[in-house]
>>> print(open('final_17.cif').read())   # mmCIF, C-alpha atoms and all ligand atoms
data_entry
#
loop_
_atom_site.group_PDB
_atom_site.id
_atom_site.type_symbol
_atom_site.label_atom_id
_atom_site.label_comp_id
_atom_site.auth_asym_id
_atom_site.auth_seq_id
_atom_site.Cartn_x
_atom_site.Cartn_y
_atom_site.Cartn_z
ATOM 1 C CA MET F 484 134.164 -13.882 206.449
ATOM 2 C CA THR F 485 136.762 -16.602 206.124
ATOM 3 C CA THR F 486 139.862 -16.529 208.272
ATOM 4 C CA ILE F 487 142.195 -15.728 205.389
ATOM 5 C CA SER F 488 139.841 -13.021 204.217
ATOM 6 C CA SER F 489 139.642 -11.367 207.642
ATOM 7 C CA ARG F 490 143.407 -11.584 208.137
ATOM 8 C CA LEU F 491 143.877 -10.042 204.719
ATOM 9 C CA GLN F 492 141.661 -7.099 205.645
ATOM 10 C CA ASP F 493 143.597 -6.616 208.906
ATOM 11 C CA ILE F 494 146.950 -6.681 207.122
ATOM 12 C CA LEU F 495 145.796 -4.230 204.467
ATOM 13 C CA ALA F 496 144.498 -1.888 207.162
ATOM 14 C CA THR F 497 147.809 -2.088 209.031
ATOM 15 C CA ILE F 498 149.720 -1.379 205.813
ATOM 16 C CA GLN F 499 147.491 1.574 205.119
ATOM 17 C CA SER F 500 147.999 3.172 208.509
ATOM 18 C CA ALA F 501 151.769 2.579 208.391
ATOM 19 C CA GLN F 502 151.789 4.144 204.943
ATOM 20 C CA ALA F 503 149.814 7.149 206.126
ATOM 21 C CA SER F 504 152.521 7.941 208.685
ATOM 22 C CA SER F 505 155.485 7.017 206.453
ATOM 23 C CA PRO F 506 157.720 9.916 205.379
ATOM 24 C CA PHE F 507 157.981 8.301 201.942
ATOM 25 C CA ALA F 508 155.124 8.884 199.545
ATOM 26 C CA GLN F 509 155.187 5.291 198.415
ATOM 27 C CA THR F 510 152.518 2.883 197.238
ATOM 28 C CA VAL F 511 152.677 -0.412 199.122
ATOM 29 C CA GLN F 512 151.665 -3.733 197.607
ATOM 30 C CA LEU F 513 151.181 -6.971 199.459
ATOM 31 C CA VAL F 514 152.920 -10.096 198.188
ATOM 32 C CA ALA F 515 151.103 -13.040 199.779
ATOM 33 C CA VAL F 516 153.797 -15.612 200.528
ATOM 34 C CA SER F 517 152.140 -18.956 199.917
ATOM 35 C CA LYS F 518 155.082 -21.318 200.347
ATOM 36 C CA ALA F 519 154.025 -24.563 202.050
ATOM 37 C CA GLN F 520 150.372 -23.576 201.677
ATOM 38 C CA PRO F 521 148.032 -25.612 199.488
ATOM 39 C CA ALA F 522 146.485 -24.268 196.286
ATOM 40 C CA SER F 523 143.160 -24.077 198.117
ATOM 41 C CA ALA F 524 144.584 -21.411 200.478
ATOM 42 C CA ILE F 525 145.736 -19.361 197.493
ATOM 43 C CA ARG F 526 142.292 -19.714 195.973
ATOM 44 C CA GLU F 527 140.755 -18.453 199.192
ATOM 45 C CA ALA F 528 143.038 -15.416 199.357
ATOM 46 C CA TYR F 529 142.393 -14.717 195.676
ATOM 47 C CA ALA F 530 138.641 -14.805 196.261
ATOM 48 C CA ALA F 531 139.210 -12.200 198.997
ATOM 49 C CA GLY F 532 140.927 -9.902 196.489
ATOM 50 C CA GLN F 533 144.625 -10.840 196.675
ATOM 51 C CA ALA F 534 146.211 -11.416 193.250
ATOM 52 C CA VAL F 535 149.968 -11.228 193.931
ATOM 53 C CA PHE F 536 151.577 -14.355 195.381
ATOM 54 C CA GLY F 537 155.176 -15.171 196.266
ATOM 55 C CA GLU F 538 156.736 -18.618 196.224
ATOM 56 C CA ASN F 539 160.163 -19.859 197.329
ATOM 57 C CA TYR F 540 160.456 -23.357 195.931
ATOM 58 C CA LEU F 541 160.217 -23.908 192.221
ATOM 59 C CA GLN F 542 158.639 -27.354 192.000
ATOM 60 C CA GLU F 543 156.090 -26.564 194.669
ATOM 61 C CA ALA F 544 155.210 -23.334 192.869
ATOM 62 C CA LEU F 545 154.833 -25.010 189.476
ATOM 63 C CA ASP F 546 152.547 -27.651 190.965
ATOM 64 C CA LYS F 547 150.275 -24.996 192.435
ATOM 65 C CA GLN F 548 150.380 -22.847 189.312
ATOM 66 C CA SER F 549 149.108 -25.803 187.293
ATOM 67 C CA GLN F 550 146.166 -26.123 189.683
ATOM 68 C CA LEU F 551 145.326 -22.420 189.495
ATOM 69 C CA THR F 552 145.446 -21.637 185.780
ATOM 70 C CA ASP F 553 141.890 -20.292 185.938
ATOM 71 C CA LEU F 554 143.013 -17.414 188.211
ATOM 72 C CA ASN F 555 144.744 -14.256 187.031
ATOM 73 C CA ILE F 556 147.597 -14.418 189.535
ATOM 74 C CA GLU F 557 150.825 -12.415 189.348
ATOM 75 C CA TRP F 558 153.521 -14.852 190.520
ATOM 76 C CA HIS F 559 156.663 -13.641 192.261
ATOM 77 C CA PHE F 560 159.676 -15.845 192.895
ATOM 78 C CA ILE F 561 161.284 -14.877 196.211
ATOM 79 C CA GLY F 562 163.487 -17.842 197.135
ATOM 80 C CA PRO F 563 167.140 -18.712 196.595
ATOM 81 C CA ILE F 564 167.874 -19.475 192.927
ATOM 82 C CA GLN F 565 169.965 -22.399 191.761
ATOM 83 C CA SER F 566 171.385 -21.848 188.307
ATOM 84 C CA ASN F 567 169.809 -25.032 186.934
ATOM 85 C CA LYS F 568 166.354 -23.633 187.820
ATOM 86 C CA THR F 569 166.620 -20.324 186.011
ATOM 87 C CA GLN F 570 164.793 -21.422 182.867
ATOM 88 C CA PRO F 571 161.479 -22.454 184.480
ATOM 89 C CA ILE F 572 161.677 -19.509 186.866
ATOM 90 C CA SER F 573 162.069 -17.093 183.974
ATOM 91 C CA GLN F 574 159.202 -18.747 182.104
ATOM 92 C CA HIS F 575 156.671 -18.997 184.908
ATOM 93 C CA PHE F 576 157.033 -15.846 187.008
ATOM 94 C CA ALA F 577 156.375 -12.151 186.438
ATOM 95 C CA TRP F 578 158.832 -11.018 189.122
ATOM 96 C CA VAL F 579 161.976 -12.365 190.760
ATOM 97 C CA HIS F 580 162.969 -10.671 194.035
ATOM 98 C CA SER F 581 166.043 -12.740 194.820
ATOM 99 C CA VAL F 582 168.636 -12.054 192.129
ATOM 100 C CA ASP F 583 172.009 -11.800 193.834
ATOM 101 C CA ARG F 584 174.616 -12.571 191.206
ATOM 102 C CA LEU F 585 175.248 -11.761 187.574
ATOM 103 C CA LYS F 586 175.340 -15.355 186.351
ATOM 104 C CA ILE F 587 171.787 -15.898 187.606
ATOM 105 C CA ALA F 588 170.625 -12.637 186.039
ATOM 106 C CA GLN F 589 172.156 -13.584 182.694
ATOM 107 C CA ARG F 590 170.534 -16.999 182.738
ATOM 108 C CA LEU F 591 167.135 -15.525 183.619
ATOM 109 C CA ASN F 592 167.569 -13.028 180.801
ATOM 110 C CA ASP F 593 168.531 -15.676 178.266
ATOM 111 C CA ALA F 594 165.582 -17.883 179.238
ATOM 112 C CA ARG F 595 162.906 -15.188 179.219
ATOM 113 C CA PRO F 596 160.406 -16.061 176.461
ATOM 114 C CA ALA F 597 160.202 -13.485 173.673
ATOM 115 C CA ASP F 598 156.410 -13.263 173.918
ATOM 116 C CA LEU F 599 156.464 -12.188 177.588
ATOM 117 C CA PRO F 600 157.255 -8.714 178.894
ATOM 118 C CA PRO F 601 160.671 -8.307 180.533
ATOM 119 C CA LEU F 602 161.081 -10.173 183.797
ATOM 120 C CA GLN F 603 160.754 -7.678 186.658
ATOM 121 C CA VAL F 604 163.650 -8.139 189.060
ATOM 122 C CA CYS F 605 164.971 -6.965 192.381
ATOM 123 C CA ILE F 606 168.503 -7.464 193.600
ATOM 124 C CA GLN F 607 168.669 -9.133 196.987
ATOM 125 C CA VAL F 608 171.026 -7.261 199.304
ATOM 126 C CA ASN F 609 172.655 -8.882 202.305
ATOM 127 C CA VAL F 610 172.099 -6.475 205.178
ATOM 128 C CA SER F 611 172.717 -8.957 207.964
ATOM 129 C CA ASN F 612 176.356 -9.529 207.128
ATOM 130 C CA GLU F 613 177.708 -12.892 208.294
ATOM 131 C CA GLU F 614 174.294 -14.260 209.263
ATOM 132 C CA SER F 615 173.045 -14.795 205.735
ATOM 133 C CA LYS F 616 174.626 -16.354 202.681
ATOM 134 C CA SER F 617 172.053 -14.905 200.297
ATOM 135 C CA GLY F 618 172.265 -11.454 198.856
ATOM 136 C CA VAL F 619 174.960 -9.269 197.392
ATOM 137 C CA ALA F 620 177.148 -7.306 199.795
ATOM 138 C CA PRO F 621 176.228 -3.592 199.807
ATOM 139 C CA GLU F 622 179.657 -2.637 198.453
ATOM 140 C CA ASP F 623 179.203 -4.916 195.422
ATOM 141 C CA LEU F 624 175.686 -3.715 194.665
ATOM 142 C CA PRO F 625 176.340 -0.807 192.261
ATOM 143 C CA ALA F 626 178.506 -2.916 189.928
ATOM 144 C CA LEU F 627 175.923 -5.711 189.854
ATOM 145 C CA ALA F 628 173.078 -3.245 189.226
ATOM 146 C CA GLU F 629 175.075 -1.736 186.361
ATOM 147 C CA GLU F 630 175.448 -5.125 184.673
ATOM 148 C CA ILE F 631 171.864 -6.243 185.259
ATOM 149 C CA GLN F 632 170.553 -3.034 183.768
ATOM 150 C CA LYS F 633 172.185 -3.966 180.469
ATOM 151 C CA LEU F 634 170.174 -7.184 180.133
ATOM 152 C CA PRO F 635 167.323 -6.524 177.679
ATOM 153 C CA LYS F 636 164.835 -9.114 178.958
ATOM 154 C CA LEU F 637 165.156 -8.066 182.575
ATOM 155 C CA LYS F 638 163.782 -4.891 184.086
ATOM 156 C CA LEU F 639 165.638 -3.902 187.234
ATOM 157 C CA ARG F 640 163.041 -2.454 189.606
ATOM 158 C CA GLY F 641 164.783 -2.247 192.957
ATOM 159 C CA LEU F 642 166.060 -4.065 195.991
ATOM 160 C CA MET F 643 164.951 -6.865 198.258
ATOM 161 C CA ALA F 644 166.296 -7.814 201.669
ATOM 162 C CA ILE F 645 165.626 -10.318 204.418
ATOM 163 C CA PRO F 646 166.981 -8.849 207.652
ATOM 164 C CA ALA F 647 168.212 -11.330 210.230
ATOM 165 C CA PRO F 648 165.351 -12.034 212.627
ATOM 166 C CA THR F 649 165.945 -10.177 215.869
ATOM 167 C CA GLU F 650 164.011 -9.125 218.943
ATOM 168 C CA ASP F 651 166.187 -6.050 219.073
ATOM 169 C CA THR F 652 164.108 -3.338 217.418
ATOM 170 C CA ASN F 653 167.134 -1.068 217.015
ATOM 171 C CA ARG F 654 169.009 -3.749 215.129
ATOM 172 C CA GLN F 655 165.945 -4.428 213.008
ATOM 173 C CA LEU F 656 165.599 -0.760 212.186
ATOM 174 C CA ALA F 657 169.330 -0.507 211.393
ATOM 175 C CA GLN F 658 168.998 -3.297 208.826
ATOM 176 C CA PHE F 659 166.009 -1.669 207.129
ATOM 177 C CA LYS F 660 167.842 1.651 207.115
ATOM 178 C CA LEU F 661 170.834 0.015 205.468
ATOM 179 C CA VAL F 662 168.649 -1.323 202.630
ATOM 180 C CA ARG F 663 167.134 2.114 202.296
ATOM 181 C CA GLU F 664 170.602 3.685 202.075
ATOM 182 C CA CYS F 665 171.660 1.220 199.381
ATOM 183 C CA TYR F 666 168.491 2.065 197.477
ATOM 184 C CA ASP F 667 169.001 5.819 197.808
ATOM 185 C CA ALA F 668 172.622 5.455 196.705
ATOM 186 C CA LEU F 669 171.507 3.743 193.492
ATOM 187 C CA LEU F 670 168.890 6.418 192.861
ATOM 188 C CA ALA F 671 171.601 9.029 193.329
ATOM 189 C CA LYS F 672 173.697 7.240 190.697
ATOM 190 C CA GLY F 673 170.808 7.610 188.259
ATOM 191 C CA PHE F 674 169.201 4.172 188.401
ATOM 192 C CA ALA F 675 165.463 4.458 187.780
ATOM 193 C CA LEU F 676 164.189 2.251 190.586
ATOM 194 C CA ASP F 677 160.775 2.190 192.225
ATOM 195 C CA THR F 678 160.724 -0.968 194.318
ATOM 196 C CA LEU F 679 161.833 -1.794 197.826
ATOM 197 C CA SER F 680 160.833 -5.319 198.866
ATOM 198 C CA ILE F 681 161.252 -5.445 202.633
ATOM 199 C CA GLY F 682 159.016 -6.437 205.500
ATOM 200 C CA MET F 683 157.482 -9.761 206.536
ATOM 201 C CA SER F 684 154.797 -10.828 209.013
ATOM 202 C CA GLU F 685 156.730 -9.782 212.111
ATOM 203 C CA ASP F 686 158.066 -6.463 210.956
ATOM 204 C CA PHE F 687 156.123 -5.046 208.008
ATOM 205 C CA PRO F 688 154.907 -1.828 209.721
ATOM 206 C CA VAL F 689 158.556 -0.923 210.421
ATOM 207 C CA ALA F 690 159.479 -1.748 206.831
ATOM 208 C CA VAL F 691 156.698 0.446 205.468
ATOM 209 C CA ALA F 692 157.981 3.298 207.624
ATOM 210 C CA GLN F 693 161.350 2.839 205.867
ATOM 211 C CA GLY F 694 159.768 3.060 202.433
ATOM 212 C CA ALA F 695 158.809 -0.530 201.574
ATOM 213 C CA THR F 696 156.809 -0.812 198.346
ATOM 214 C CA PHE F 697 156.365 -4.593 198.622
ATOM 215 C CA VAL F 698 155.786 -6.367 201.897
ATOM 216 C CA ARG F 699 156.064 -10.157 201.679
ATOM 217 C CA ILE F 700 153.703 -11.713 204.172
ATOM 218 C CA GLY F 701 153.082 -15.394 204.785
ATOM 219 C CA SER F 702 152.164 -16.577 208.257
ATOM 220 C CA ALA F 703 150.219 -13.451 209.265
ATOM 221 C CA LEU F 704 147.934 -14.103 206.305
ATOM 222 C CA PHE F 705 147.739 -17.874 206.016
ATOM 223 C CA GLY F 706 148.492 -18.874 209.596
ATOM 224 C CA ALA F 707 151.442 -20.986 210.682
ATOM 225 C CA ARG F 708 153.040 -22.904 207.846
ATOM 226 C CA PRO F 709 152.456 -26.631 207.614
ATOM 227 C CA ASN F 710 155.628 -28.650 207.075
ATOM 228 C CA ARG F 711 157.356 -27.708 203.902
ATOM 229 C CA MET F 712 156.041 -29.509 200.842
ATOM 230 C CA GLN F 713 158.497 -29.993 197.995
ATOM 231 C CA THR F 714 161.679 -28.174 197.151
HETATM 232 C C1 LIG F 801 158.789 -17.084 204.055
HETATM 233 C C2 LIG F 801 159.219 -15.782 203.493
HETATM 234 C C3 LIG F 801 158.469 -14.616 203.727
HETATM 235 C C4 LIG F 801 157.244 -14.566 204.606
HETATM 236 O O1 LIG F 801 157.562 -14.847 205.920
HETATM 237 P P1 LIG F 801 156.439 -14.689 207.073
HETATM 238 O O2 LIG F 801 157.246 -14.476 208.290
HETATM 239 O O3 LIG F 801 155.682 -15.958 207.081
HETATM 240 O O4 LIG F 801 155.602 -13.531 206.724
HETATM 241 C C5 LIG F 801 158.898 -13.450 203.123
HETATM 242 N N1 LIG F 801 159.987 -13.412 202.337
HETATM 243 C C6 LIG F 801 160.726 -14.508 202.086
HETATM 244 C C7 LIG F 801 161.912 -14.394 201.205
HETATM 245 C C8 LIG F 801 160.359 -15.721 202.666
HETATM 246 O O5 LIG F 801 161.123 -16.797 202.415
#
>>> encode(input="final_17.cif", output="structure tokens")
Amino acid sequence: MTTISSRLQDILATIQSAQASSPFAQTVQLVAVSKAQPASAIREAYAAGQAVFGENYLQEALDKQSQLTDLNIEWHFIGPIQSNKTQPISQHFAWVHSVDRLKIAQRLNDARPADLPPLQVCIQVNVSNEESKSGVAPEDLPALAEEIQKLPKLKLRGLMAIPAPTEDTNRQLAQFKLVRECYDALLAKGFALDTLSIGMSEDFPVAVAQGATFVRIGSALFGARPNRMQT
């Protein structure tokens, strides 16, 4: 077994056991975060059965996509979105996890090619308060969700969050619980959501216990990241 393949099996087993003890009857999918990893690493993970990959930097992602056209990969964009990058993002990804303002959502909608299914999107929520600049504040979430739901070429699926890294497990749990509360509040308002994108290499079992349906895992799968390639 290759290293990536054996790590993948370990991660999937950990997800499965966390899921078995989760109070939420969710299905959990792994998004393999391949930022700063070469196309060959993606190929290796794909050969081991992983077909969903997440990228943060547009140009880097497009370069790798062009090297991997023979694979049936589902590409997820998970990084910060500049408004001048919305067109290629909307054209080259199946999912975007990091929508955090209406202008970006509108531009993604307008750029989505007519021959593709709607772009699957999550709204990124800021659950770490002053520590992060990305993500909509929880109090502004319902209004943004309302507007995004009106966009015909986007399909609003749920929420994404990147909790501030912390050694304090209570603080970590509090941040996951806050995302969960935001999610439940939208469900209570009648939004038909099914996706909670939380959990990374260091904390995914805790995220699964809070109902994660996507965990986004990079270093635990591919090993430590080499220096960042292109932005
Ligand atoms: C890099 C990144 C990840 C994966 O982080 P790891 O700690 O390597 O698992 C997940 N989500 C986002 C948004 C990232 O930028």
>>> residues_around(input="final_17.cif", residues="F:Glu685", least_positions_apart="5", cutoff="12 Å", atoms="only C-alpha atoms", output="MDAnalysis selection string")
chainID F and resid 494 645:650 652 655 690 698:704
>>> resolve_selection(input="final_17.cif", expression="the PyMOL selection byres (((not hetatm)) within 12 of (chain F and resi 801))", output="PyMOL selection string")
chain F and resi 494+513-520+536-540+559-564+579-582+605+607-608+617-618+643-648+680-687+697-709+711
>>> atom_distance(input="final_17.cif", atom1="atom CA of F:Ala671", atom2="atom CA of F:Ser505")
20.9 Å
>>> resolve_selection(input="final_17.cif", expression="the PyMOL selection byres (((chain F and resi 521-530) around 7) and not hetatm)", output="JSON, numbers by chain")
{"F": [487, 488, 517, 519, 520, 531, 532, 533, 534, 547, 550]}
>>> atom_distance(input="final_17.cif", atom1="atom CA of F:Thr569", atom2="atom CA of F:Leu599")
15.5 Å
>>> residues_around(input="final_17.cif", residues="F:His575", least_positions_apart="6", cutoff="9 Å", atoms="all atoms listed in the file", output="PyMOL selection string")
chain F and resi 545+548+558
>>> closest_residue(input="final_17.cif", among="F:Asn567, F:Pro688, F:Gln589, F:Phe659", to="F:Leu495", atoms="only C-alpha atoms")
F:Pro688
>>> closest_residue(input="final_17.cif", among="F:Leu634, F:Ile556, F:Ala544, F:Ala577", to="F:Arg590", atoms="all atoms listed in the file")
F:Leu634
>>> resolve_selection(input="final_17.cif", expression="the PyMOL selection byres (((chain F and resi 635) around 12) and not hetatm)", output="list in words")
Ala588, Gln589, Leu591, Asn592, Asp593, Ala594, Arg595, Pro596, Ala597, Pro600, Pro601, Leu602, Gln603, Glu630, Ile631, Gln632, Lys633, Leu634, Lys636, Leu637, Lys638 and Leu639 of chain F
>>> closest_residue(input="final_17.cif", among="F:Arg640, F:Arg584, F:Phe674, F:Val610", to="F:Gln658", atoms="all atoms listed in the file")
F:Val610
>>> atom_distance(input="final_17.cif", atom1="atom CA of F:Thr678", atom2="atom CA of F:Gly641")
4.5 Å
>>> axis_aligned_box(input="final_17.cif", around="stretch 489-506 of chain F", padding_each_side="6 Å", output="lines of an AutoDock Vina configuration file")
center_x = 148.7
center_y = -0.8
center_z = 206.7
size_x = 30.1
size_y = 33.5
size_z = 16.6
>>> residues_around(input="final_17.cif", residues="F:Pro621", least_positions_apart="6", cutoff="12 Å", atoms="all atoms listed in the file", output="number ranges by chain")
F: 583, 606-612, 627-628, 642-644, 658, 661-666, 668-669
